[in-house]
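Report on one structure; see the data block that follows.
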Amino acid sequence: MIQALSIAILRHRVAVTVLLVCATAAAAWLAPRVRLEVDADSLLVADDPHVEAARRYEVVFPSDENRFLVGVSLPEPYGDGGGERIEAVATGMRAIDGLERIVTPGDAVGGGDPTRSSALAGLLLSADGRTAAIVGHVAPTHDNADGRERVFGALQALLDASWSREEYAIAGPPLYRREFVRLIGVDQQRFIPIAVGIVVTVLLLLFRRFIAVLLPLVTVALTVLWVGGVMGIERRSLTMLTGALPTLLICIGVSVAIHVIFAFRESARAEATMRAVAERAVANIGLACLLSTLTTMIGFGSLVLARVRDIREFGWLAAIGVGFSFVIAITLIPIVLARVGAPAPAARRATDAVERALSVVHGWITRRAAWITGGAAIAIVIAGIGATRVDMDAYLTDDMGSRTFIRHSYRFFEERLSSVIPLDLVLDSGREGGAIDGPGREALAKLEAFCAKQPFVDKTLSINDVLDDFRRYRPLAAGMLRLGGDAALRGAMERLNREVPVGALTDEPGRVTRVVCLLQDIGARRSFAFYDDVAAFVAKELPGFTVTPVGVSVVANRVISSIIVEGVRSFAFALVVIFVVVWVLFRSLASAWWGLLGTTLPILLGLGAMGGLGIVIRTSTVIVGTIALGLAIDLTIHLLNRERRERNAGADADEALRRAVVYTGKPILVTGGLLVIGFGTLSTSEFGLTSEFGLVAAVTIFGALGTTLLVLPAAMTLWRRRSRVGR
């Protein structure tokens, strides 16, 4: 089949070239539609009961995803002139297109003295009055990447006119989304040129011929462009996960191209015409490339089973990209090289020297097969111990580098006011008026007191706090409120809800109310434990009431846990499917087991490294296992395929293995090394998701290199010796 494919490609090279050009033109037209965007909903499990419960209450308490805070340091206390500076900033903010519902401390108390407000203390005003905050909202018309960039760019320009960057801070979900998009864009602009530069340097040193450098670059460029075209069909956006696709596809695409070019170099030694060289090269390398492509696609494609939309999109787009790289490399490169020739003789002599070195190394491996296998077993034990130390957790600020404005803002608010991570606890009385009558307010006070006792809760706010301020500022109105009974109370609640800077605290019928808790960044695990503690407290101490955690922090923590669970499920599925595919296509159970060893050992080493470095399984690292699964099996397949070809050609088992190591070792070293370097550069990113993803992937692929060229030959040699002794 592969032989027929190579003949068909070269026989119909004009038609194939036309198809490549047409596909590229269509992709070039569609790709510009792709934008950078961050959408929390795309990272949620659609039928998550916790999220569904939170969404039900958004009808009463609209989501705070568009709300943000601006905090500034005042040269004089708020009551001594600082308040005027705050009002001047608010006036400037109201003039910015895309900002709405600006609330200052003075607005929040309806003209009263904010410094006397217990509700605003730590929320919009510090105890010493030298730090104040303004609440703002991004208009729905500007809730997109371009809109947020314009809004916050104008806001920062306004603040820069009077304060240094250390004297003010901006925090809230809209800014986080803007920062995520910015960091993804920075990574694209930084790492794509680095990856291309590394590829060019390695190819120049390896082949020393312009065409051998150009073809892999064209392969990866077309791969990325075609994937962009697919995304552009439905105007999809690059997100936190899919933002890593270009660098990933560059590394994978160039690997396929290098294997094809090496096959041409080897075939040129045995064939007289370039047409025959091309046919032989595709026939020799086609099956291995096809099989490695299929297994890598399965690794990525398994993510399609996830119920999280962003993971699904990352999975199928990566799988399509891998398939594109194979199609382009197996068609474009043979057509071009059949006309212009294989790499220069100088490159062949250099390769011969490396092949001789690999032969010497393989001889050393076979003589010490037992020691190497034993050392690998010890490494497995050590890695297993390290893997047991890997925790599953994540922190909301983990993905932001220590030097980013987001981290500065988080520290600013935590040190001077309070944390800016909100948790809303919705208390439902089950009856109209039950949340605002005497027993309801008493239950609310108990819940608020319970939350305030937690060491990681900086501040709580409820309608009780607002009513206390109401009585303090408006004693006459408070007396009339008591005389007016429930009807007057509900009317007051409706007015107060409009004045509270964090949004409504009760519904109009008075059935549900909420406590706003400003939490420190305690991680997903402790957050879920806190939710359980709150539920247990309400069930025990507040009979007749139910409580539901809602808000941005809940959604973010559900995102983290969803990605972890979905990633683990997808990895397990991919591992089983790849084992079966290798078994069926190689028609050898032994090959499937060797492939399993070559895949699982690097991943175990990666987990061990995570345990040793204290890296937790979270959004960025959970999908590395699935990615590494496909990439690691890629290296192993090329070795096993060459070993099978040599045995079919008449070599005995030991000689076939030696030739496989010698003749595939160079392309495996080059492609694996490029993957290690490519992923390793990502570890320098300020975006935590990209940084940890790159580091763990680089360690895992490095383990795959060692496993393929060192451990696997030693284990296969030792197993065959024991098999002969047994016979």
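Chains: A, B, ... in order of the structure tokens. Residues: from 1 per chain. Ligands: from 1, in order shown.
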
Excluding same-chain residues fewer than 6 positions from Leu74 of chain A, what lies within 7 Å of it counting only C-alpha atoms, as a PyMOL selection string?
chain A and resi 82+130-131

Selection file, N, CA, C and O atoms, as a PDB file, in the first residue's frame:
ATOM      1  N   GLY A  82      -8.243  63.185  50.223  1.00  0.00           N
ATOM      2  CA  GLY A  82      -8.050  62.043  49.344  1.00  0.00           C
ATOM      3  C   GLY A  82      -9.313  61.680  48.578  1.00  0.00           C
ATOM      4  O   GLY A  82      -9.251  61.185  47.450  1.00  0.00           O
ATOM      5  N   ARG A 130      -5.849  55.672  53.587  1.00  0.00           N
ATOM      6  CA  ARG A 130      -4.861  56.061  52.580  1.00  0.00           C
ATOM      7  C   ARG A 130      -4.892  55.181  51.332  1.00  0.00           C
ATOM      8  O   ARG A 130      -4.092  55.368  50.421  1.00  0.00           O
ATOM      9  N   THR A 131      -5.761  54.219  51.299  1.00  0.00           N
ATOM     10  CA  THR A 131      -5.974  53.413  50.100  1.00  0.00           C
ATOM     11  C   THR A 131      -7.472  53.318  49.851  1.00  0.00           C
ATOM     12  O   THR A 131      -8.227  52.976  50.770  1.00  0.00           O
TER      13      THR A 131
END

I'd like the contact shell of segment 370-377 of chain A - 9 Å cut-off, only C-alpha atoms, skipping same-chain residues fewer than 2 positions apart - returned as a count of residues only.
17
